[in-house]
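> My file is data_27.cif. It has mmCIF, C-alpha atoms and all ligand atoms:
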data_query
#
loop_
_atom_site.label_atom_id
_atom_site.label_comp_id
_atom_site.auth_asym_id
_atom_site.auth_seq_id
_atom_site.Cartn_x
_atom_site.Cartn_y
_atom_site.Cartn_z
CA MET A 1 0.00 0.00 0.00
CA ILE A 2 2.83 2.40 0.76
CA ARG A 3 5.15 3.67 -1.93
CA PRO A 4 8.78 2.76 -1.07
CA VAL A 5 10.42 6.02 -2.20
CA PRO A 6 9.17 9.57 -1.79
CA PRO A 7 7.34 10.52 -4.97
CA ASP A 8 8.28 13.35 -7.30
CA PHE A 9 5.54 15.67 -6.07
CA GLU A 10 5.92 18.34 -8.74
CA THR A 11 5.19 15.82 -11.47
CA LEU A 12 2.67 13.75 -9.54
CA ALA A 13 0.61 16.79 -8.53
CA VAL A 14 0.31 17.83 -12.18
CA HIS A 15 -0.56 14.40 -13.60
CA ALA A 16 -2.28 12.40 -10.84
CA GLY A 17 -5.89 11.61 -11.73
CA ARG A 18 -5.31 12.79 -15.31
CA THR A 19 -3.48 9.90 -16.93
CA ASP A 20 -6.44 9.01 -19.20
CA PHE A 21 -6.68 12.51 -20.71
CA HIS A 22 -4.88 11.62 -23.96
CA ALA A 23 -7.13 8.61 -24.50
CA LEU A 24 -10.22 10.73 -23.77
CA GLY A 25 -8.97 13.56 -25.99
CA VAL A 26 -9.39 16.18 -23.24
CA HIS A 27 -7.04 18.61 -21.54
CA ALA A 28 -9.14 19.48 -18.48
CA PRO A 29 -11.13 17.16 -16.23
CA PRO A 30 -14.64 16.51 -17.59
CA ILE A 31 -17.39 17.53 -15.14
CA ASP A 32 -20.22 14.99 -14.93
CA LEU A 33 -23.29 16.61 -13.37
CA SER A 34 -25.70 13.70 -13.92
CA SER A 35 -27.88 13.03 -10.89
CA THR A 36 -28.93 9.66 -12.32
CA TYR A 37 -27.46 7.30 -14.91
CA PRO A 38 -29.19 5.14 -17.53
CA VAL A 39 -29.37 1.46 -16.66
CA PRO A 40 -29.84 -0.14 -20.11
CA ASP A 41 -29.26 -3.70 -18.88
CA PRO A 42 -31.30 -4.47 -15.72
CA GLU A 43 -29.13 -7.42 -14.68
CA GLN A 44 -25.94 -5.42 -15.05
CA GLY A 45 -27.66 -2.61 -13.12
CA THR A 46 -28.37 -4.96 -10.22
CA ALA A 47 -24.78 -6.19 -10.23
CA SER A 48 -23.47 -2.62 -10.23
CA TYR A 49 -25.83 -1.62 -7.41
CA ASP A 50 -24.74 -4.63 -5.34
CA ALA A 51 -21.07 -3.80 -5.91
CA MET A 52 -21.54 -0.23 -4.71
CA ALA A 53 -23.76 -1.21 -1.76
CA ALA A 54 -20.82 -3.36 -0.62
CA GLY A 55 -18.56 -0.29 -0.84
CA GLY A 56 -17.03 -1.12 -4.22
CA THR A 57 -16.96 0.85 -7.46
CA PRO A 58 -19.65 0.64 -10.18
CA GLN A 59 -19.68 -2.28 -12.60
CA GLY A 60 -21.06 -0.47 -15.62
CA SER A 61 -23.77 2.07 -14.78
CA ALA A 62 -23.07 4.37 -11.81
CA ILE A 63 -26.86 4.17 -11.12
CA TYR A 64 -27.24 7.34 -9.02
CA ALA A 65 -24.98 10.29 -8.19
CA ARG A 66 -25.07 9.80 -4.42
CA LEU A 67 -23.47 6.39 -4.96
CA HIS A 68 -20.67 7.37 -7.34
CA ASN A 69 -19.54 10.23 -9.54
CA PRO A 70 -16.72 10.02 -12.12
CA THR A 71 -15.44 13.57 -11.52
CA VAL A 72 -15.29 12.87 -7.78
CA ALA A 73 -13.57 9.53 -8.46
CA ARG A 74 -10.92 11.36 -10.48
CA ALA A 75 -10.18 13.76 -7.61
CA GLU A 76 -10.03 10.77 -5.25
CA GLN A 77 -7.53 9.02 -7.51
CA ALA A 78 -5.31 12.12 -7.52
CA VAL A 79 -5.31 12.52 -3.73
CA ALA A 80 -4.71 8.78 -3.21
CA GLU A 81 -1.59 9.01 -5.39
CA LEU A 82 -0.31 12.06 -3.49
CA GLU A 83 -0.74 10.27 -0.15
CA GLY A 84 0.71 6.98 -1.42
CA ALA A 85 -2.65 5.34 -0.61
CA GLU A 86 -4.58 2.53 -2.26
CA ALA A 87 -7.77 4.55 -2.26
CA CYS A 88 -9.40 7.81 -1.28
CA VAL A 89 -13.00 8.73 -0.50
CA ALA A 90 -14.19 12.32 -0.93
CA PHE A 91 -16.88 14.03 1.10
CA ALA A 92 -18.84 17.27 1.01
CA SER A 93 -16.60 18.75 3.72
CA GLY A 94 -13.85 17.84 6.16
CA MET A 95 -16.46 17.43 8.88
CA ALA A 96 -18.53 15.09 6.69
CA ALA A 97 -15.35 13.03 6.21
CA THR A 98 -14.68 13.00 9.98
CA THR A 99 -18.27 11.95 10.69
CA ALA A 100 -17.99 9.11 8.17
CA ILE A 101 -14.72 7.89 9.73
CA LEU A 102 -16.28 7.86 13.21
CA LEU A 103 -19.39 6.05 11.97
CA ALA A 104 -17.35 3.51 10.00
CA ALA A 105 -15.20 2.81 13.06
CA ALA A 106 -18.30 2.51 15.28
CA MET A 107 -19.19 -0.66 13.31
CA ASP A 108 -16.23 -2.29 15.11
CA GLY A 109 -16.60 -0.80 18.58
CA ARG A 110 -18.07 2.25 20.18
CA HIS A 111 -15.09 3.82 21.89
CA VAL A 112 -12.67 6.36 20.41
CA VAL A 113 -9.46 7.71 21.91
CA ALA A 114 -8.63 11.25 20.79
CA VAL A 115 -5.61 13.43 21.44
CA ARG A 116 -6.12 17.17 21.94
CA PRO A 117 -5.69 19.78 20.65
CA LEU A 118 -7.95 19.11 17.67
CA TYR A 119 -9.73 21.21 15.11
CA GLY A 120 -12.53 23.00 17.02
CA GLY A 121 -15.29 21.35 14.98
CA THR A 122 -13.81 17.88 15.52
CA ASP A 123 -13.51 18.47 19.25
CA HIS A 124 -17.09 19.69 19.43
CA LEU A 125 -18.41 16.75 17.36
CA LEU A 126 -16.61 14.26 19.63
CA GLU A 127 -18.07 15.96 22.72
CA SER A 128 -21.55 16.52 21.30
CA GLY A 129 -22.98 13.06 21.98
CA LEU A 130 -24.47 13.08 18.46
CA LEU A 131 -22.58 9.96 17.39
CA PRO A 132 -22.89 6.44 18.88
CA ILE A 133 -19.43 6.62 20.46
CA ASP A 134 -17.77 7.19 23.80
CA VAL A 135 -14.69 9.38 23.66
CA THR A 136 -11.65 9.43 25.90
CA PHE A 137 -9.33 12.39 25.48
CA ALA A 138 -5.79 11.28 26.27
CA GLN A 139 -2.39 12.90 26.39
CA PRO A 140 -0.11 11.54 23.64
CA ASP A 141 1.85 9.44 26.16
CA ALA A 142 -1.35 8.00 27.71
CA VAL A 143 -2.95 6.63 24.55
CA ALA A 144 -2.05 3.00 25.34
CA GLN A 145 -3.69 3.20 28.79
CA ALA A 146 -6.84 4.75 27.32
CA ILE A 147 -7.46 1.83 24.93
CA ARG A 148 -10.32 -0.52 25.90
CA PRO A 149 -11.48 -3.78 24.29
CA GLU A 150 -14.18 -1.85 22.41
CA THR A 151 -11.86 0.94 21.20
CA SER A 152 -12.15 1.11 17.42
CA LEU A 153 -10.18 4.25 16.59
CA VAL A 154 -7.45 6.60 17.74
CA PHE A 155 -7.96 10.10 16.36
CA VAL A 156 -5.07 12.59 16.24
CA GLU A 157 -4.13 15.76 14.42
CA THR A 158 -0.61 16.90 13.58
CA PRO A 159 0.42 19.67 13.30
CA ALA A 160 -2.36 20.55 15.73
CA ASN A 161 -4.80 23.39 15.42
CA PRO A 162 -4.10 26.11 16.47
CA THR A 163 -0.97 25.56 18.57
CA LEU A 164 0.97 23.72 15.80
CA ASP A 165 2.15 21.09 18.29
CA LEU A 166 3.61 18.04 16.56
CA LEU A 167 2.75 14.47 17.42
CA ASP A 168 4.99 11.51 16.71
CA ILE A 169 2.69 9.42 14.48
CA GLU A 170 4.80 6.26 14.80
CA ALA A 171 4.72 6.52 18.60
CA ILE A 172 0.92 6.91 18.53
CA VAL A 173 0.59 3.93 16.17
CA ARG A 174 2.73 1.81 18.51
CA ALA A 175 0.64 2.89 21.51
CA ALA A 176 -2.58 2.09 19.62
CA GLY A 177 -1.46 -1.50 18.96
CA THR A 178 -4.06 -3.14 16.73
CA VAL A 179 -6.43 -0.17 16.91
CA PRO A 180 -6.41 1.88 13.67
CA VAL A 181 -5.07 5.44 13.87
CA VAL A 182 -6.51 8.29 11.84
CA VAL A 183 -4.40 11.41 11.35
CA ASP A 184 -5.92 14.75 10.43
CA SER A 185 -3.05 15.98 8.26
CA THR A 186 -4.80 19.10 6.92
CA PHE A 187 -2.08 21.50 8.13
CA ALA A 188 0.74 19.44 6.62
CA THR A 189 -0.64 18.51 3.18
CA PRO A 190 0.74 15.36 1.51
CA ILE A 191 3.69 17.45 0.33
CA LEU A 192 5.08 17.76 3.87
CA GLN A 193 3.74 14.64 5.60
CA GLN A 194 2.33 11.28 4.59
CA PRO A 195 0.91 9.61 7.70
CA LEU A 196 0.24 6.25 5.99
CA ARG A 197 4.01 5.80 5.64
CA HIS A 198 4.22 5.99 9.44
CA GLY A 199 1.59 3.34 10.05
CA ALA A 200 -1.63 5.38 10.19
CA ALA A 201 -4.68 3.56 8.83
CA MET A 202 -6.33 6.68 7.48
CA VAL A 203 -5.31 10.23 6.64
CA LEU A 204 -7.91 12.96 6.67
CA HIS A 205 -7.78 16.36 4.99
CA SER A 206 -10.13 19.24 4.98
CA ALA A 207 -9.56 19.78 1.24
CA THR A 208 -11.23 23.15 1.80
CA LYS A 209 -7.77 24.25 2.86
CA PHE A 210 -4.52 23.59 0.96
CA LEU A 211 -5.70 20.94 -1.48
CA GLY A 212 -8.38 23.15 -3.01
CA GLY A 213 -6.04 25.99 -2.17
CA HIS A 214 -7.91 28.97 -3.59
CA GLY A 215 -10.54 29.61 -0.95
CA ASP A 216 -13.41 28.64 -3.23
CA VAL A 217 -14.28 25.03 -2.41
CA VAL A 218 -15.47 23.09 0.64
CA ALA A 219 -14.39 19.43 0.58
CA GLY A 220 -13.04 16.58 2.70
CA VAL A 221 -10.96 13.55 1.73
CA VAL A 222 -9.82 10.36 3.44
CA ALA A 223 -6.86 8.48 1.92
CA THR A 224 -6.62 4.90 3.13
CA SER A 225 -6.60 1.19 2.26
CA GLU A 226 -9.21 -0.21 -0.14
CA ALA A 227 -10.73 -2.13 2.81
CA TRP A 228 -11.37 1.07 4.81
CA ALA A 229 -12.42 2.91 1.65
CA ARG A 230 -15.17 0.34 1.10
CA ARG A 231 -16.60 1.01 4.55
CA LEU A 232 -16.35 4.75 4.09
CA ARG A 233 -18.17 4.52 0.76
CA GLN A 234 -20.92 2.49 2.44
CA VAL A 235 -21.32 5.18 5.09
CA ARG A 236 -21.24 7.87 2.40
CA ILE A 237 -24.04 6.19 0.44
CA LEU A 238 -26.18 5.89 3.58
CA THR A 239 -25.56 9.36 4.98
CA GLY A 240 -25.34 11.21 1.65
CA GLY A 241 -22.11 13.10 2.23
CA ILE A 242 -20.55 12.72 -1.25
CA LEU A 243 -18.60 15.66 -2.67
CA HIS A 244 -20.32 17.67 -5.42
CA PRO A 245 -18.74 17.21 -8.89
CA LEU A 246 -18.16 20.95 -9.34
CA ALA A 247 -16.31 20.98 -6.02
CA ALA A 248 -14.35 17.91 -7.18
CA PHE A 249 -13.38 19.84 -10.32
CA LEU A 250 -12.12 22.77 -8.22
CA LEU A 251 -10.21 20.38 -5.99
CA LEU A 252 -8.57 18.85 -9.07
CA ARG A 253 -7.81 22.31 -10.35
CA GLY A 254 -5.98 23.18 -7.13
CA LEU A 255 -3.76 20.10 -6.95
CA PRO A 256 -1.16 20.77 -9.70
CA THR A 257 0.09 23.91 -7.90
CA LEU A 258 0.01 22.37 -4.41
CA PRO A 259 3.78 21.70 -4.13
CA MET A 260 4.67 25.20 -5.36
CA ARG A 261 2.10 26.90 -3.13
CA VAL A 262 3.26 25.05 -0.03
CA GLU A 263 6.96 25.65 -0.72
CA HIS A 264 6.53 29.35 -1.46
CA ALA A 265 4.33 30.06 1.56
CA GLN A 266 6.61 27.99 3.80
CA ARG A 267 9.61 30.09 2.79
CA THR A 268 7.66 33.27 3.58
CA ALA A 269 6.47 31.82 6.90
CA GLY A 270 10.12 31.27 7.89
CA VAL A 271 10.91 34.95 7.32
CA LEU A 272 7.84 36.11 9.28
CA VAL A 273 8.58 33.75 12.19
CA GLU A 274 12.06 35.23 12.65
CA ARG A 275 10.73 38.77 12.68
CA LEU A 276 7.77 38.00 14.93
CA ALA A 277 10.07 36.24 17.42
CA GLU A 278 12.17 39.43 17.73
CA HIS A 279 9.23 41.79 18.10
CA PRO A 280 8.73 43.18 21.64
CA MET A 281 4.92 42.80 21.38
CA VAL A 282 5.16 39.07 20.69
CA THR A 283 5.56 36.86 23.76
CA THR A 284 5.54 33.45 22.04
CA VAL A 285 5.77 32.14 18.48
CA HIS A 286 4.43 28.67 17.75
CA TYR A 287 5.95 27.23 14.61
CA PRO A 288 7.06 23.62 14.10
CA GLY A 289 10.81 23.39 14.63
CA HIS A 290 11.05 26.92 16.05
CA GLY A 291 12.84 27.14 19.39
CA LEU A 292 12.12 24.08 21.53
CA SER A 293 8.93 23.08 19.70
CA ASP A 294 10.24 19.88 18.10
CA PRO A 295 11.94 17.86 20.86
CA HIS A 296 11.53 14.60 18.93
CA GLY A 297 13.16 15.92 15.75
CA LEU A 298 10.06 15.29 13.66
CA ILE A 299 10.90 18.04 11.19
CA GLY A 300 13.07 16.26 8.67
CA SER A 301 11.80 12.77 9.51
CA GLN A 302 8.01 12.79 9.83
CA MET A 303 7.56 16.22 8.23
CA ALA A 304 9.54 17.47 5.26
CA GLY A 305 9.18 21.06 6.46
CA PRO A 306 7.49 23.19 9.11
CA GLY A 307 4.60 24.37 6.93
CA THR A 308 2.85 27.64 6.36
CA LEU A 309 0.89 28.24 9.56
CA VAL A 310 2.24 30.42 12.34
CA ALA A 311 0.61 31.05 15.70
CA PHE A 312 1.81 33.85 17.92
CA GLU A 313 0.81 35.39 21.19
CA VAL A 314 0.68 39.13 21.67
CA ARG A 315 0.99 41.05 24.90
CA GLY A 316 -2.26 42.62 26.06
CA GLY A 317 -4.71 39.72 25.59
CA VAL A 318 -7.97 39.94 23.67
CA GLU A 319 -7.91 43.75 23.30
CA ALA A 320 -4.43 43.79 21.79
CA ALA A 321 -5.21 40.83 19.52
CA ASN A 322 -8.35 42.58 18.27
CA ALA A 323 -6.49 45.86 17.73
CA LEU A 324 -3.89 44.02 15.67
CA MET A 325 -6.53 42.42 13.48
CA ARG A 326 -8.43 45.71 12.99
CA ALA A 327 -5.27 47.48 11.82
CA LEU A 328 -4.49 44.99 9.04
CA THR A 329 -5.17 46.07 5.48
CA LEU A 330 -3.64 43.23 3.46
CA ILE A 331 -4.05 40.07 5.53
CA THR A 332 -7.69 38.96 5.60
CA PRO A 333 -9.20 38.52 9.06
CA ALA A 334 -10.97 35.20 8.48
CA VAL A 335 -11.07 31.61 9.62
CA SER A 336 -9.82 28.84 7.31
CA LEU A 337 -6.31 28.47 5.93
CA GLY A 338 -4.24 27.27 3.01
CA SER A 339 -5.58 29.82 0.57
CA THR A 340 -3.68 32.00 -1.93
CA ASP A 341 -4.21 35.01 0.34
CA SER A 342 -2.97 35.22 3.91
CA LEU A 343 -5.62 34.79 6.60
CA ILE A 344 -5.51 35.57 10.31
CA GLN A 345 -7.90 34.61 13.07
CA HIS A 346 -8.29 34.64 16.83
CA PRO A 347 -8.88 31.03 18.02
CA ALA A 348 -10.18 31.93 21.50
CA GLY A 349 -12.79 34.21 19.93
CA LEU A 350 -13.75 32.09 16.89
CA THR A 351 -12.67 28.56 16.00
CA HIS A 352 -12.12 27.30 19.53
CA ARG A 353 -14.80 29.38 21.19
CA LEU A 354 -17.02 26.37 21.89
CA LEU A 355 -14.32 24.71 23.97
CA ASP A 356 -14.52 24.89 27.73
CA PRO A 357 -12.30 27.87 28.70
CA ALA A 358 -10.35 25.61 31.08
CA VAL A 359 -9.63 23.14 28.23
CA ARG A 360 -8.68 26.07 26.00
CA GLU A 361 -6.21 27.41 28.54
CA ALA A 362 -4.76 23.93 29.17
CA GLU A 363 -4.20 23.47 25.43
CA GLY A 364 -2.30 26.76 25.21
CA ILE A 365 -5.07 28.57 23.32
CA THR A 366 -4.60 31.82 25.23
CA ASP A 367 -6.58 35.05 24.80
CA GLY A 368 -3.73 36.76 22.96
CA LEU A 369 -3.06 33.91 20.53
CA LEU A 370 -3.48 34.62 16.81
CA ARG A 371 -3.19 32.10 14.00
CA LEU A 372 -1.77 33.25 10.70
CA SER A 373 -2.12 31.21 7.52
CA VAL A 374 0.63 32.52 5.25
CA GLY A 375 -0.45 32.92 1.64
CA LEU A 376 1.39 33.70 -1.56
CA GLU A 377 1.98 37.46 -1.09
CA SER A 378 5.58 38.67 -0.68
CA ALA A 379 7.18 38.41 2.74
CA GLU A 380 7.86 42.18 2.75
CA ALA A 381 4.24 43.12 2.07
CA LEU A 382 3.03 40.75 4.77
CA TRP A 383 5.56 42.03 7.29
CA ARG A 384 4.57 45.67 6.62
CA ASP A 385 0.97 44.72 7.38
CA LEU A 386 1.86 42.72 10.50
CA SER A 387 4.14 45.50 11.80
CA ALA A 388 1.32 48.02 11.50
CA GLY A 389 -0.93 45.57 13.36
CA LEU A 390 1.66 45.05 16.09
CA ASP A 391 2.03 48.84 16.50
CA ALA A 392 -1.74 49.14 17.00
CA ALA A 393 -1.65 46.25 19.48
CA GLU A 394 1.16 47.99 21.36
CA ASP A 395 -0.88 51.17 21.80
CA VAL A 396 -3.71 49.15 23.30
CA ALA A 397 -1.46 46.98 25.49
CA GLU A 398 0.36 50.03 26.85
CA HIS A 399 -2.91 51.75 27.58
CA THR A 400 -4.27 48.65 29.36
CA GLU A 401 -1.05 48.08 31.26
CA GLY A 402 -0.99 51.80 32.17
CA THR A 403 -4.54 51.58 33.51
CA LEU A 404 -3.67 48.49 35.52
CA ALA A 405 -0.63 50.22 36.99
CA MET A 406 -2.79 53.23 37.93
CA SER A 407 -5.50 51.14 39.57
CA SER A 408 -3.01 49.11 41.59
CA ARG A 409 -1.44 52.25 42.96
C1 LIG B 501 -11.10 23.03 8.43
C2 LIG B 501 -10.62 21.85 9.14
C3 LIG B 501 -11.44 20.73 9.34
C4 LIG B 501 -12.89 20.70 8.91
O1 LIG B 501 -13.01 20.76 7.52
P1 LIG B 501 -14.26 21.44 6.75
O2 LIG B 501 -13.89 21.26 5.33
O3 LIG B 501 -14.33 22.87 7.19
O4 LIG B 501 -15.47 20.69 7.16
C5 LIG B 501 -10.90 19.62 9.98
N1 LIG B 501 -9.62 19.62 10.42
C6 LIG B 501 -8.81 20.67 10.25
C7 LIG B 501 -7.41 20.60 10.75
C8 LIG B 501 -9.27 21.82 9.61
O5 LIG B 501 -8.46 22.87 9.46
#
Just dump the structure as structure tokens.


Amino acid sequence: MIRPVPPDFETLAVHAGRTDFHALGVHAPPIDLSSTYPVPDPEQGTASYDAMAAGGTPQGSAIYARLHNPTVARAEQAVAELEGAEACVAFASGMAATTAILLAAAMDGRHVVAVRPLYGGTDHLLESGLLPIDVTFAQPDAVAQAIRPETSLVFVETPANPTLDLLDIEAIVRAAGTVPVVVDSTFATPILQQPLRHGAAMVLHSATKFLGGHGDVVAGVVATSEAWARRLRQVRILTGGILHPLAAFLLLRGLPTLPMRVEHAQRTAGVLVERLAEHPMVTTVHYPGHGLSDPHGLIGSQMAGPGTLVAFEVRGGVEAANALMRALTLITPAVSLGSTDSLIQHPAGLTHRLLDPAVREAEGITDGLLRLSVGLESAEALWRDLSAGLDAAEDVAEHTEGTLAMSSR
């Protein structure tokens, strides 16, 4: 299942899922918008239906668009190749993909072990009681103790959102024993990290982020073995979470530039991290490999590079963080990440707002923490914008600190 040598990503990203173009006589992926498909031979139709109901691919007619779509299948093929996976299953969003994974695992047992911090939506879904599962949140070094006979999944995210903490996937896989491990690898992209190579059973991406890459598509993908893919397709048929073919087209359109986008933004992120770390308004910079943030040496082994997301804490808490965001004119204040333009958001106020404040604090999601998704603008233009924001934050922090000093007198 796992490719022995690292693939040539530049070439693979351009050609994966497109190898039949010459034979088809096309130069761009065809978009198939059919909601239903003719079934000229009833017996063949039955056979095809049975194959798909068992989680397989159509034998002849695709029957109905909730069961299978050729444009979606093409995007799945491309992502599978980039992850070095046997198969991939695409969903209407990252959360639809997560839900399908949890439901598919629940067929085996109704207990999941999860390691925080996680994407806010994932954390909230696990806590919500909506799904037929019990969840134990464990520290990375307590995963083995948290496993029960009915544990069917270990769910982790690395780099983590929003603190960019790294987890050692191989250590988690060892701790999980025979229990399959799913890695949300959204922040890393397959260019920087391929969890299946390290023993994960499934790798999840919100393709809304880097894979789509242009801020115009919502999608989720799971790259995995054909055996898991069959179960995920069964869940997808039953719960109706298949990706729309136009979204699959946009996902395919984003993939050829993925290696270049990640490399360019990563280089820029490196420049910004150095400058942020020296700025008097910034108390902490979270960036994989920066300072003491990679004690296990995962950058260079598990991850090919530190990525394009930077989290940093400003002095002065919520007020200073808000002042910084209000002063920006280039960087877009918005949730999401991995787009062509740089985006900044305030996790305590937005994405991780639903978390218990005590959990938030324990996970290092402080009131002054901002998460920057570095886009494709020049480093100088981004730094000019950030400097202006930091100046505005400084005015507020000094005012607040001044007031505090006055009132304590
Ligand atoms: C955005 C995101 C998700 C959820 O994906 P959607 O496409 O928004 O449903 C899951 N995990 C991570 C790390 C994300 O950034």

> Restricting the calculation to only C-alpha atoms, which member of A:Arg66, A:Leu355, A:Thr283, A:Gln194 is positioned closest to Glu170 of chain A?

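Of all the options, A:Gln194 lies closest to Glu170 of chain A.
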
> What are the nearest atom pairs, with distances in Å to one decimal, for all residues of chain A that come at most 7 Å from ligand LIG 501 (chain B), using only C-alpha atoms and all ligand atoms, set out by chain and rising residue number as a tab-separated table?


residue	atom	partner	partner_atom	distance
A:Ser93	CA	B:LIG501	O2	4.0
A:Gly94	CA	B:LIG501	O1	3.3
A:Met95	CA	B:LIG501	O4	3.8
A:Ala96	CA	B:LIG501	O4	6.4
A:Tyr119	CA	B:LIG501	N1	5.0
A:Gly121	CA	B:LIG501	C4	6.6
A:Thr122	CA	B:LIG501	C5	6.5
A:Glu157	CA	B:LIG501	C7	6.9
A:Asn161	CA	B:LIG501	C7	6.0
A:Asp184	CA	B:LIG501	C7	6.0
A:Ser185	CA	B:LIG501	C7	6.8
A:Thr186	CA	B:LIG501	C7	4.9
A:Phe187	CA	B:LIG501	C7	6.0
A:His205	CA	B:LIG501	N1	6.6
A:Ser206	CA	B:LIG501	O1	4.1
A:Ala207	CA	B:LIG501	O2	6.1
A:Thr208	CA	B:LIG501	O2	4.8
A:Lys209	CA	B:LIG501	C1	6.6
A:Val218	CA	B:LIG501	O2	5.3
A:Ala219	CA	B:LIG501	O2	5.1
A:Gly220	CA	B:LIG501	O2	5.4
A:Ser336	CA	B:LIG501	C1	6.1
A:Leu337	CA	B:LIG501	O5	7.0

> Include C-alpha atoms and write out the residues we just selected as a PDB file, in the coordinates of the input.


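Output file part-v8.pdb follows:
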ATOM      1  CA  SER A  93     -16.600  18.750   3.720  1.00  0.00           C
ATOM      2  CA  GLY A  94     -13.850  17.840   6.160  1.00  0.00           C
ATOM      3  CA  MET A  95     -16.460  17.430   8.880  1.00  0.00           C
ATOM      4  CA  ALA A  96     -18.530  15.090   6.690  1.00  0.00           C
ATOM      5  CA  TYR A 119      -9.730  21.210  15.110  1.00  0.00           C
ATOM      6  CA  GLY A 121     -15.290  21.350  14.980  1.00  0.00           C
ATOM      7  CA  THR A 122     -13.810  17.880  15.520  1.00  0.00           C
ATOM      8  CA  GLU A 157      -4.130  15.760  14.420  1.00  0.00           C
ATOM      9  CA  ASN A 161      -4.800  23.390  15.420  1.00  0.00           C
ATOM     10  CA  ASP A 184      -5.920  14.750  10.430  1.00  0.00           C
ATOM     11  CA  SER A 185      -3.050  15.980   8.260  1.00  0.00           C
ATOM     12  CA  THR A 186      -4.800  19.100   6.920  1.00  0.00           C
ATOM     13  CA  PHE A 187      -2.080  21.500   8.130  1.00  0.00           C
ATOM     14  CA  HIS A 205      -7.780  16.360   4.990  1.00  0.00           C
ATOM     15  CA  SER A 206     -10.130  19.240   4.980  1.00  0.00           C
ATOM     16  CA  ALA A 207      -9.560  19.780   1.240  1.00  0.00           C
ATOM     17  CA  THR A 208     -11.230  23.150   1.800  1.00  0.00           C
ATOM     18  CA  LYS A 209      -7.770  24.250   2.860  1.00  0.00           C
ATOM     19  CA  VAL A 218     -15.470  23.090   0.640  1.00  0.00           C
ATOM     20  CA  ALA A 219     -14.390  19.430   0.580  1.00  0.00           C
ATOM     21  CA  GLY A 220     -13.040  16.580   2.700  1.00  0.00           C
ATOM     22  CA  SER A 336      -9.820  28.840   7.310  1.00  0.00           C
ATOM     23  CA  LEU A 337      -6.310  28.470   5.930  1.00  0.00           C
TER      24      LEU A 337
END

> Give me the residues within 12 Å of Gly213 of chain A as a tab-separated table (two decimals) with C-alpha atoms, in the coordinates of the input, counting all atoms listed in the file and dropping any in the same chain fewer than 6 places off.


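Result went into out_12.tsv, see below:
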chain	number	residue	atom	x	y	z
A	186	THR	CA	-4.80	19.10	6.92
A	187	PHE	CA	-2.08	21.50	8.13
A	189	THR	CA	-0.64	18.51	3.18
A	206	SER	CA	-10.13	19.24	4.98
A	207	ALA	CA	-9.56	19.78	1.24
A	219	ALA	CA	-14.39	19.43	0.58
A	250	LEU	CA	-12.12	22.77	-8.22
A	251	LEU	CA	-10.21	20.38	-5.99
A	252	LEU	CA	-8.57	18.85	-9.07
A	253	ARG	CA	-7.81	22.31	-10.35
A	254	GLY	CA	-5.98	23.18	-7.13
A	255	LEU	CA	-3.76	20.10	-6.95
A	256	PRO	CA	-1.16	20.77	-9.70
A	257	THR	CA	0.09	23.91	-7.90
A	258	LEU	CA	0.01	22.37	-4.41
A	259	PRO	CA	3.78	21.70	-4.13
A	260	MET	CA	4.67	25.20	-5.36
A	261	ARG	CA	2.10	26.90	-3.13
A	262	VAL	CA	3.26	25.05	-0.03
A	265	ALA	CA	4.33	30.06	1.56
A	336	SER	CA	-9.82	28.84	7.31
A	337	LEU	CA	-6.31	28.47	5.93
A	338	GLY	CA	-4.24	27.27	3.01
A	339	SER	CA	-5.58	29.82	0.57
A	340	THR	CA	-3.68	32.00	-1.93
A	341	ASP	CA	-4.21	35.01	0.34
A	342	SER	CA	-2.97	35.22	3.91
A	373	SER	CA	-2.12	31.21	7.52
A	374	VAL	CA	0.63	32.52	5.25
A	375	GLY	CA	-0.45	32.92	1.64
A	376	LEU	CA	1.39	33.70	-1.56

> If we count only C-alpha atoms, what is near segment 172-178 of chain A at a cut-off of 8 Å, once residues fewer than 2 positions away on the same chain are taken out, given as a ChimeraX atom specification?

/A:140,143-144,147,154,167-170,180-181,198-200

> Mind working out the centre and edge lengths of an axis-aligned box for segment 49-57 of chain A, all listed atoms inside, 4 Å added to each side, rounded to one decimal in Å and written as AutoDock Vina command-line options?


--center_x -21.4 --center_y -1.9 --center_z -4.0 --size_x 16.9 --size_y 13.5 --size_z 14.8

> So, counting all atoms listed in the file, which residue among A:Ala320, A:Ala248, A:Met52, A:Gly120 is closest to Val335 of chain A?

A:Gly120

> Can you measure atom CA of Gly212 of chain A to atom CA of Ala75 of chain A for me? One decimal in Å is fine.

10.6 Å

> Leaving out segment 380-397 of chain A and any residue of its chain fewer than 6 positions from it, which residues lie within 8 Å of it when counting only C-alpha atoms, given as JSON, numbers by chain?

{"A": [272, 281, 314, 315, 316, 317, 319, 320, 321, 322, 323, 324, 325, 326, 327, 328, 329, 330, 331]}

> Could you tell me how far atom CA of Ala348 of chain A lies from atom CA of Gly364 of chain A, in Å and to one decimal?

10.1 Å
